[in-house]
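Step one of this worksheet: look at the structure below.
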Number of protein chains: 4
Amino acid sequence: MTQQRFGYLGPEATFTEAALLKLDEARGAERVPMPNVLVALDAVRTGDIDAAVVPIENSVEGGVPATLDALTSDIPLQIVREIVIPVKFVLAAPSGVELADITAYSTHPHAEAQTRRFTGQYLPDAAYLPAGSTAAAAAGLSAEAIDRGAGQDRAGQAEYQAAICPLLAAERYGLNVLADDIGDVRTAVTRFVLVRKPGPVAPATGADKTTLVAGLRSERPGALLELLEQFAVRGVNLTRIESRPTGDGLGLYQFSLDVDGHIDEARVAEALAGVHRTSRHVRFLGSYPRDDREASTIDAQNTDDAFAQANDWLTRIKGDTRG
Amino acid sequence: MTQQRFGYLGPEATFTEAALLKLDEARGAERVPMPNVLVALDAVRTGDIDAAVVPIENSVEGGVPATLDALTSDIPLQIVREIVIPVKFVLAAPSGVELADITAYSTHPHAEAQTRRFTGQYLPDAAYLPAGSTAAAAAGLSAEAIDRGAGQDRAGQAEYQAAICPLLAAERYGLNVLADDIGDVRTAVTRFVLVRKPGPVAPATGADKTTLVAGLRSERPGALLELLEQFAVRGVNLTRIESRPTGDGLGLYQFSLDVDGHIDEARVAEALAGVHRTSRHVRFLGSYPRDDREASTIDAQNTDDAFAQANDWLTRIKGDTRG
Amino acid sequence: MTQQRFGYLGPEATFTEAALLKLDEARGAERVPMPNVLVALDAVRTGDIDAAVVPIENSVEGGVPATLDALTSDIPLQIVREIVIPVKFVLAAPSGVELADITAYSTHPHAEAQTRRFTGQYLPDAAYLPAGSTAAAAAGLSAEAIDRGAGQDRAGQAEYQAAICPLLAAERYGLNVLADDIGDVRTAVTRFVLVRKPGPVAPATGADKTTLVAGLRSERPGALLELLEQFAVRGVNLTRIESRPTGDGLGLYQFSLDVDGHIDEARVAEALAGVHRTSRHVRFLGSYPRDDREASTIDAQNTDDAFAQANDWLTRIKGDTRG
Amino acid sequence: MTQQRFGYLGPEATFTEAALLKLDEARGAERVPMPNVLVALDAVRTGDIDAAVVPIENSVEGGVPATLDALTSDIPLQIVREIVIPVKFVLAAPSGVELADITAYSTHPHAEAQTRRFTGQYLPDAAYLPAGSTAAAAAGLSAEAIDRGAGQDRAGQAEYQAAICPLLAAERYGLNVLADDIGDVRTAVTRFVLVRKPGPVAPATGADKTTLVAGLRSERPGALLELLEQFAVRGVNLTRIESRPTGDGLGLYQFSLDVDGHIDEARVAEALAGVHRTSRHVRFLGSYPRDDREASTIDAQNTDDAFAQANDWLTRIKGDTRG
C-alpha cells in the first residue's frame with residue numbers, strides 16, 4: 001500500500017502541523033507543508049495529496065476566510081475530521097540564552113499581538129521582528145540556520161535571540177523553553193478540519209458536527225430567520241455562523257454554518273433537506289466527529305426515535321386515522 | 001346493498017340538512033336528524049349511522065364548540081368532506097299571509113339576531129317568538145301543524161304568522177317566501193363537515209384541507225409560535241385556529257387547526273410529523289376536499305417535487321457529498 | 001345619583017345573571033335582561049344601559065361568536081371586567097316531586113347535551129323537552145307558572161316535572177334541588193365580560209388580561225406567525241386565540257386574542273404598538289383584571305424594569321456609547 | 001488647533017492607508033501607521049491618537065478577528081465611519097524592469113493567494129517571496145531601498161524584481177505599474193471602520209449602519225433565533241453576522257452584527273432595546289453612514305412615522321380605547 005500524503009497549512013511546526021500530528025489516521029503518513037489554503041485544497045482536488053489540514057476558526061496565522069471561501073466554491077470537498085488545538089505559545093531560545101540576554105525576539109504578528117501582556121512585563125525593552133510564521137521565527141534560531149549565517153546582521157550578530165512559537169517548533173528546532181503558555185488568553189483554541197475528496201460520510205458517533213454553506217433566497221429582513229428556523233423546528237443547535245459575501249459586491253450574502261449532529265440523524269437530515277428546498281443554494285461540507293467527543297444533547301422530541309414514531313403515526317393515520 | 005344512513009344536526013330543514021343535501025354521496029341515503037352533535041357523533045361511533053353532517057364554523061343554530069370538543073375527545077372520528085353553505089334566511093308565511101298581516105314572527109334566537117336590520121325596517125311592530133330552530137318556526141306554520149292546533153293560543157289564534165328560516169324549510173313546510181336573503185350580512189356562510197369512522201384517507205385532489213387538534217407542551221410565551229413554525233417552515237398555510245380549553249380549568253389550552261393541503265402532500269405530512277414530535281398530544285381529524293375546490297397555492301420550494309429533490313440530494317450527499 | 005343599569009344576556013337566573021351578581025360594582029344596580037348579545041351591546045352604545053355582561057368563551061346558552069363579532073365591528077366598546085363562572089347544573093323540581101316521579105324534564109339543548117351521563121343513569125326513561133334557556137325550564141315549574149296553567153297539557157297535566165338549570169334559577173323559582181353538580185365535565189367554566197363605553201383604562205393590578213382583534217396584512221403562510229412574534233419577542237403570553245372570518249367570504253381572517261398583562265405594562269404596550277404597525281387593522285378591546293387574580297409570571301427580561309433599563313441604556317449610548 | 005492624529009493598520013501604503021485617505025475628515029491630519037489592530041485601538045483608548053482605521057471584513061492583510069474581538073472587550077470604543085475599498089492589486093516594478101525580466105516577485109501571502117490566476121499565466125516560472133505586507137514588498141523595490149542594499153543577496157543581486165501591491169504603494173515607492181487589477185476576483189472589497197472614543201452619535205443620514213455585539217442568554221437551539229427575531233419583528237435587516245467564541249472555550253458564543261439603519265431610527269432603537277433586555281450582554285459599537293450611501297429600504301410599517309402613529313394610538317386607547 002502506498003504511503004498516504006497529508007497536506008497542512010505550512011510551514012512545518014506551526015499549530016497546523018500540531019493539529020495534523022493529533023490525528024491517528026495520519027500516523028505513518030507523509031506530512032506535506034502547503035504555502036496557503038488554496039494550494040492545499042487544490043492539491044486535494046487534483047489528488048496530489050490525500051487530505052489536508054486547514055484552519056477554520058480563530059487561526060493565529062490566518063487562512064480562515066480563505067478556507068471558508070475555498071470550501072464554498074470550486075469542486076466540492078468534504079470535511080471528515082475536526083481538530084481543536086489549544087493555542088499555547090512558548091518563549092524559546094537556543095541553548096545558553098537567558099531571558100536577560102534577549103534584546104530582540106521574533107514571531108508572527110498575530111502571535112505578537114496575543115502575547116503582549118507577557119512581553120510587556122518580561123521583555124519591555126526587547127525589539128520585535130515580524131516573521132512569516134511562528135515556526136519561521138523558531139527555525140531562524142536553529143543550529144543549522146546559525147551555521148549558514150541566516151538571521152545575522154552584516155556584523156555577524158544574531159538579529160534576535162528568542163522566538164514566540166508553539167512547543168512543537170521549539171522541539172523541532174532544538175530550542176529551550178524559557179517560558180510556557182505565555183498567551184494573554186489562556187483558553188484560546190484554534191479549530192482545524194481535515195479535508196478530503198467527497199466520499200461516503202462516516203457513520204454517526206453520537207458526538208458529531210455538520211458543516212454547510214447556504215445562500216439566502218431573498219434579502220428582506222426575516223430571510224435569515226427563515227433559514228435558521230429550518231434548524232430550530234427540528235431542535236438542531238448552531239455552533240458557528242458567519243455571513244460571507246458571495247463575491248459579487250457586499251450586497252449578497254451566504255452563510256457558513258456548523259450545527260450539532262450528523263446527517264444520518266433524522267433531525268439533521270430533515271433540516272438539511274429544508275435548507276435545500278428554501279435556500280438559493282446549499283453546499284454540504286461534511287458530518288464528522290467533534291474533537292471534544294461531547295455527545296449532542298437532544299431533546300426527547302427530536303431524537304431519531306421521536307422521528308421514527310412520528311413517521312409510524314403518519315403511516316397509521318393515512319391508513320385509518322386512529323391518531 | 002343496504003341503504004346508507006346519514007345523520008345531521010336536526011331538526012330537518014335547517015341549514016345542516018341543506019348541507020347534507022349538497023353531498024352527491026348522500027343521494028339515495030336515509031337522512032336521520034339528530035338532537036345534538038354529541039348524539040350524532042356517538043351514533044357514528046356505534047355504527048348506528050354511517051356518517052354525520054355537523055357544523056364546525058359559524059353555525060347559526062349552535063353546535064360548533066360541541067363539534068370541536070367531541071371530535072377531540074372520545075373514540076377518534078374522521079372528517080371526510082367539507083360543505084360550505086351560504087346562510088340565506090327567508091321570511092316565510094302560509095299562503096294568504098301578507099307582510100302587513102304579521103303581528104308576530106318566530107325563529108331561532110341566533111337567526112333573529114342576524115336579521116334585525118330587516119325586521120327593524122319591515123316588521124318594526126311585530127312580536128318575536130323564540131323557536132328551538134329556524135325549521136321549527138317554519139314547521140309551526142305548516143298546514144299540518146295548524147290542523148292540529150299547534151302554535152295557537154287558547155282563543156285559536158295563531159301565535160305568529162311568519163317564520164325566518166332557510167329556503168329549504170319554507171319549501172318543506174309549504175310556505176310562501178315573502179322576502180328573500182334577509183340576513184344583515186349577505187356573505188355569511190356556515191361550514192359543515194361530514195364525519196365517518198376512521199378509515200383510509202381519500203387521495204389528494206390538489207384542493208384539500210387537513211384538520212387537527214394539538215396540545216402545547218408548555219405554557220411559556222412562544223410555545224404556540226413553535227407549534228405554528230412547524231407549519232410555516234414547510235409553507236403550510238393555516239385557514240382556521242381556535243384555542244380550546246382542555247377541560248381541566250381555563251389554564252391549559254389546545255388548538256384546533258385547519259391547514260391548506262392533504263396529508264399525502266409532503267409538506268403537510270412533514271409538518272404533521274413535526275407537530276407529533278413537539279406537541280403534548282395531537283389528533284389528526286382528516287384530509288378532505290375543500291368545498292370551494294380552490295387549489296392550494298404552493299411556493300415552488302414546498303411542492304412535492306421540491307421535497308423529492310431535497311431527499312434525492314440527501315441520499316447523494318450521504319454517499320459522496322457532491323452537493 | 002341615578003341607579004346604574006347593568007344589562008346581561010337574559011333571561012334572568014341563567015349563568016349570565018349569576019356572572020353579573022358576582023360583580024361588586026353591580027351591587028345595587030338595576031339588572032336588565034337582554035334578548036341577545038347584539039341588543040345588549042347596542043344598548044350600551046346608545047346609553048340605554050351603563051354596561052352589559054356577555055359570554056365570551058364556552059357559553060352554555062350561546063352568544064360567543066356574536067359577542068366576538070359584535071365587539072369587533074360597529075362603534076367601539078371596552079371590556080372592563082372578566083367574570084368566570086363554574087358551569088354547575090342542578091336537577092330542580094317543585095316541592096314534593098321525587099326523582100322517581102319524573103317522567104319528563106326540560107332544559108336548554110346545550111345543557112341537555114352536557115348532562116347526559118347523569119340523565120342516562122338516573123332518568124333513563126324520562127322524556128326531554130327543549131327549553132329556550134335553562135332558566136326558562138325552571139321558571140315553567142314555579143308556583144306562579146303552575147297557577148296560570150303554563151307548561152301544562154290540555155288535560156292539565158304538567159308537561160314536565162323537573163328542570164336542569166343553574167342553582168340560581170332553582171332558588172329564584174322556589175324549586176328543590178334533587179341533585180347537585182350533575183354536569184358531565186365537573187370543571188367546566190364559562191367566561192363572561194363586562195362591557196362599557198370606551199373610557200380611561202383602569203390601572204394595572206398585576207393580574208390582568210388584554211383583549212384585541214387584529215387582521216393580517218397578507219395571507220401567505222407565516223403571516224400569522226409574524227403577528228404572534230410581536231407578542232413572543234416581548235414575552236407576552238397568549239391565553240386565547242380564535243380566527244374569525246371578516247365577513248367577506250371565508251377567505252380573509254382576523255384574530256381575536258387575549259393576552260396576559262395590561263396595556264400600562266411596557267411589554268404589552270410595545271407589543272400592541274407592534275401589532276398596530278404590522279397588521280391590516282387592530283382594535284383594542286380593553287385591559288382588565290383577571291377573574292382568578294393570578295398574577296402574570298413575567299421573565300426578568302420583560303418586566304417594566306427591564307424595559308426602563310433598556311431605555312436608559314439607549315439614551316446613554318446615543319450620547320456616548322459607553323454600552 | 002492641534003493637528004489630529006489618525007492611526008491605521010500599517011505599514012503605510014497598504015489598503016488600510018488607502019481607506020484612511022478616502023476620508024474627508026482626515027485631510028490635513030497626521031497619519032500614524034500602527035503595528036497591529038490592538039495597538040491601534042489601545043492608542044485611541046489612551047488618547048495617543050484621535051481615531052484609527054481598522055479592517056472589519058475581508059481584509060487582505062489580516063486583523064479582522066482581532067478587530068472584532070478588540071472592539072468587544074476592554075474599554076468601549078465607537079465606530080463612526082465605514083470605508084469600503086475595492087481590493088485592486090497591481091504588478092509593480094522599478095523603472096526599466098519588464099515582465100520578461102521578472103524571475104522573482106514578492107507580496108503578502110494573502111495577496112499571493114488572490115492573484116494566482118494572473119501569476120500562473122504571466123509569471124509561471126517566477127519565484128514567490130513572502131513579504132510582511134503588500135506595501136513592504138513594494139518598499140523593497142524603491143530607489144532608497146536599493147541604495148542601502150536592502151533586499152539584495154550577498155552578490156548584490158536583487159532578491160525579486162516586482163511586487164504585487166495596491167496602486168497606492170506603487171505610487172508611493174516610485175514604481176511602474178506593469179499590470180492593473182490582477183486579482184482573481186475582480187469585485188473583491190475590504191470593509192474598514194474609523195474608530196474613536198465614545199461620544200455622541202452623529203445624526204442619521206438615511207443610509208446608515210449600526211454595529212453591535214451580543215451574547216446569548218442560553219445555548220438551547222432557538223436562542224439565536226430569538227435574538228434575530230428582535231430585529232425581524234421591527235423590520236431591521238442584518239447585513240453581517242459572525243459568531244465569536246467568548247474566549248472561555250469553544251462553548252459559549254457571542255454574535256457580532258451589522259444592521260441596516262441608525263439608532264436614532266425608531267425600529268433600530270426598539271430592536272436594540274429588545275436585545276438589551278433579552279441577551280446576556282450587548283455592546284453598541286456605533287451608528288454611522290454607509291460607505292455606499294445607499295438609503296435603507298424600509299417597509300411602510302417600520303418607518304419612524306409608523307412607530308409614531310402606533311404610539312399615538314397607544315396614548316389614545318389608554319385614554320378612551322376608541323381604537
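Residues are referred to by chain and number: the chain letter is A, B, ... according to the order shown in the C-alpha cells, the number counts from 1 in that chain, and ligands are numbered separately from 1 in the order shown.
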Per-residue DSSP, range 46-189 of chain B, filtered to strand (DSSP E or B), as JSON, numbers by chain
{"B": [51, 52, 53, 54, 55, 56, 57, 78, 79, 80, 81, 82, 83, 84, 85, 86, 89, 90, 91, 92, 93, 104, 105, 106, 107, 127, 128, 129, 130, 152, 158, 162, 163, 164, 165, 166, 176, 177, 178, 179, 189]}
Would you mind listing, for every residue of chain A within 9 Å of chain D, the two atoms forming the shortest contact and the distance between them in Å to one decimal, using only C-alpha atoms, sorted by chain and ascending residue number, as CSV?
```
residue,atom,partner,partner_atom,distance
A:Pro35,CA,D:Pro109,CA,8.2
A:Asn36,CA,D:Ala113,CA,7.0
A:Val37,CA,D:Ala113,CA,8.3
A:Leu38,CA,D:Ala113,CA,6.9
A:Val39,CA,D:Ala113,CA,8.2
A:Asn58,CA,D:Pro65,CA,7.4
A:Gly62,CA,D:Gly62,CA,7.0
A:Gly63,CA,D:His110,CA,8.2
A:Pro65,CA,D:Asn58,CA,7.4
A:Ala66,CA,D:His110,CA,8.5
A:Pro109,CA,D:Asn36,CA,7.5
A:His110,CA,D:Asn36,CA,8.1
A:Ala113,CA,D:Leu38,CA,6.9
A:Pro130,CA,D:Gly132,CA,7.4
A:Ala131,CA,D:Gly132,CA,7.5
A:Gly132,CA,D:Gly132,CA,6.7
A:Val185,CA,D:Gly247,CA,7.3
A:Arg186,CA,D:Gly247,CA,8.7
A:Thr187,CA,D:Gly249,CA,5.8
A:Ala188,CA,D:Gly247,CA,6.2
A:Val189,CA,D:Gly249,CA,7.2
A:Glu219,CA,D:Asn237,CA,8.0
A:Arg220,CA,D:Asn237,CA,6.8
A:Pro221,CA,D:Asn237,CA,4.4
A:Gly222,CA,D:Ala232,CA,5.2
A:Ala223,CA,D:Ala232,CA,8.9
A:Leu224,CA,D:Leu238,CA,8.2
A:Leu225,CA,D:Leu225,CA,6.4
A:Leu228,CA,D:Leu225,CA,6.6
A:Glu229,CA,D:Leu225,CA,7.2
A:Phe231,CA,D:Pro221,CA,7.9
A:Ala232,CA,D:Gly222,CA,5.2
A:Val233,CA,D:Gly222,CA,8.2
A:Arg234,CA,D:Pro221,CA,8.9
A:Gly235,CA,D:Pro221,CA,5.7
A:Val236,CA,D:Pro221,CA,6.0
A:Asn237,CA,D:Pro221,CA,4.4
A:Leu238,CA,D:Pro221,CA,6.9
A:Thr239,CA,D:Tyr253,CA,7.9
A:Arg240,CA,D:Ser243,CA,5.6
A:Ile241,CA,D:Ser243,CA,5.3
A:Glu242,CA,D:Glu242,CA,4.3
A:Ser243,CA,D:Ile241,CA,5.3
A:Arg244,CA,D:Arg240,CA,7.9
A:Pro245,CA,D:Asn58,CA,8.7
A:Gly247,CA,D:Ala188,CA,6.2
A:Asp248,CA,D:Thr187,CA,6.0
A:Gly249,CA,D:Thr187,CA,5.9
A:Leu250,CA,D:Val189,CA,7.5
A:Gly251,CA,D:Thr239,CA,8.1
A:Leu252,CA,D:Thr239,CA,8.9
A:Tyr253,CA,D:Thr239,CA,7.9
A:Phe255,CA,D:Ile241,CA,8.7
```
Have a look at CA of Ile164 in chain C and CA of Asp101 in chain C and let me know their distance in Å, one decimal.
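Atom-to-atom, CA of Ile164 in chain C to CA of Asp101 in chain C, that is 15.2 Å.
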Which neighbours of Ala308 in chain B fall inside 10 Å, counting only C-alpha atoms, when residues of the same chain fewer than 4 positions from it are skipped, and could you give them as a list of chain:residue names?
A:Ala273, A:Arg277, B:Ala266, B:Thr303, B:Asp304, B:Asp312, B:Trp313, B:Leu314
For Arg196 in chain A, please output as a list of chain:residue names all residues within 8 Å (counting only C-alpha atoms; exclusion window: fewer than 5 positions along the same chain).
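In the requested form, the answer reads A:Val44, A:Asp50, A:Ala51, A:Ala52, A:Leu77, A:Gln78, A:Ile79, A:Val80.
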To test your reading of the structure, identify every residue in range 126-254 of chain C that backbone DSSP assigns to helix (DSSP H, G or I), and report it as an MDAnalysis selection string.
chainID C and resid 134:139 143:147 167:172 223:232
Using C-alpha atoms, can you write the selected residues to a file as a compact mmCIF listing (two decimals), in the first residue's frame?
```txt
# COMPACT_ATOMS: atom_id res chain seq x y z
CA THR C 134 -82.08 26.72 31.48
CA ALA C 135 -83.87 29.37 33.49
CA ALA C 136 -87.00 29.15 31.36
CA ALA C 137 -87.16 25.45 32.13
CA ALA C 138 -87.04 26.27 35.83
CA ALA C 139 -89.48 29.14 35.53
CA ALA C 143 -95.75 28.10 41.58
CA GLU C 144 -96.74 31.17 39.61
CA ALA C 145 -96.39 29.36 36.30
CA ILE C 146 -98.35 26.41 37.52
CA ASP C 147 -101.06 28.71 38.77
CA LEU C 167 -78.63 26.85 41.23
CA LEU C 168 -79.61 30.49 40.87
CA ALA C 169 -82.66 29.53 38.82
CA ALA C 170 -83.74 26.84 41.30
CA GLU C 171 -83.58 29.39 44.12
CA ARG C 172 -85.26 32.12 42.15
CA ALA C 223 -48.27 35.96 8.31
CA LEU C 224 -49.99 34.74 11.48
CA LEU C 225 -46.59 33.75 12.81
CA GLU C 226 -45.37 37.31 12.30
CA LEU C 227 -48.36 38.65 14.22
CA LEU C 228 -47.68 36.30 17.13
CA GLU C 229 -43.96 37.13 17.11
CA GLN C 230 -44.93 40.68 18.09
CA PHE C 231 -46.05 39.16 21.39
CA ALA C 232 -43.38 36.50 21.77
```
Test item: residues at most 12 Å from Thr119 in chain D, only C-alpha atoms, excluding those fewer than 6 positions along its chain, as a PyMOL selection string:
chain D and resi 89-91+99+102-107+111-113+125-128+162-164+179+182-184
Could you dump the residues just selected with C-alpha atoms as a PDB file, in the first residue's frame?
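Ended up saving to part_15.pdb:
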```
ATOM      1  CA  PHE D  89      -3.786  44.630  -6.929  1.00  0.00           C
ATOM      2  CA  VAL D  90      -1.200  45.886  -9.412  1.00  0.00           C
ATOM      3  CA  LEU D  91       2.055  44.306 -10.515  1.00  0.00           C
ATOM      4  CA  LEU D  99       7.522  41.435 -17.362  1.00  0.00           C
ATOM      5  CA  ILE D 102      10.959  39.049 -13.518  1.00  0.00           C
ATOM      6  CA  THR D 103      12.471  35.927 -12.007  1.00  0.00           C
ATOM      7  CA  ALA D 104      11.006  36.542  -8.555  1.00  0.00           C
ATOM      8  CA  TYR D 105       8.243  38.671  -7.077  1.00  0.00           C
ATOM      9  CA  SER D 106       7.107  39.464  -3.576  1.00  0.00           C
ATOM     10  CA  THR D 107       3.890  40.235  -1.754  1.00  0.00           C
ATOM     11  CA  ALA D 111      -2.281  38.750  -1.812  1.00  0.00           C
ATOM     12  CA  GLU D 112      -0.306  35.965  -3.444  1.00  0.00           C
ATOM     13  CA  ALA D 113      -3.233  33.637  -2.860  1.00  0.00           C
ATOM     14  CA  ASP D 125       8.398  30.411 -13.667  1.00  0.00           C
ATOM     15  CA  ALA D 126       8.958  33.293 -11.269  1.00  0.00           C
ATOM     16  CA  ALA D 127       9.733  32.525  -7.636  1.00  0.00           C
ATOM     17  CA  TYR D 128       7.470  33.896  -4.886  1.00  0.00           C
ATOM     18  CA  ALA D 162       8.402  43.028  -8.844  1.00  0.00           C
ATOM     19  CA  ALA D 163       5.773  43.463  -6.156  1.00  0.00           C
ATOM     20  CA  ILE D 164       2.054  42.736  -6.039  1.00  0.00           C
ATOM     21  CA  ALA D 179      -0.371  45.199 -14.942  1.00  0.00           C
ATOM     22  CA  ILE D 182      -4.805  41.445 -11.397  1.00  0.00           C
ATOM     23  CA  GLY D 183      -6.875  39.872  -8.592  1.00  0.00           C
ATOM     24  CA  ASP D 184      -8.683  36.635  -9.339  1.00  0.00           C
TER      25      ASP D 184
END
```
Non-local contacts of Arg5 in chain D (9 Å; only C-alpha atoms; under 6 positions in same chain excluded) as a PyMOL selection string
chain D and resi 26+29-32+48-52
Figure out the distance between CA of Lys22 in chain A and CA of Gly47 in chain A, please, to one decimal in Å.
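If I compute the distance from CA of Gly47 in chain A to CA of Lys22 in chain A, I get 22.7 Å.
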Go ahead and compute the interatomic distance for CA of Gln3 in chain B and CA of Thr205 in chain B, in Å to one decimal.
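Answer for the CA of Gln3 in chain B to CA of Thr205 in chain B separation: 27.2 Å.
When the distance limit is 6 Å and only C-alpha atoms are what count, the residues near Gly215 in chain A, minus those fewer than 4 positions from it on the same chain, are Gln254, Ser279, Arg280 and His281 of chain A.
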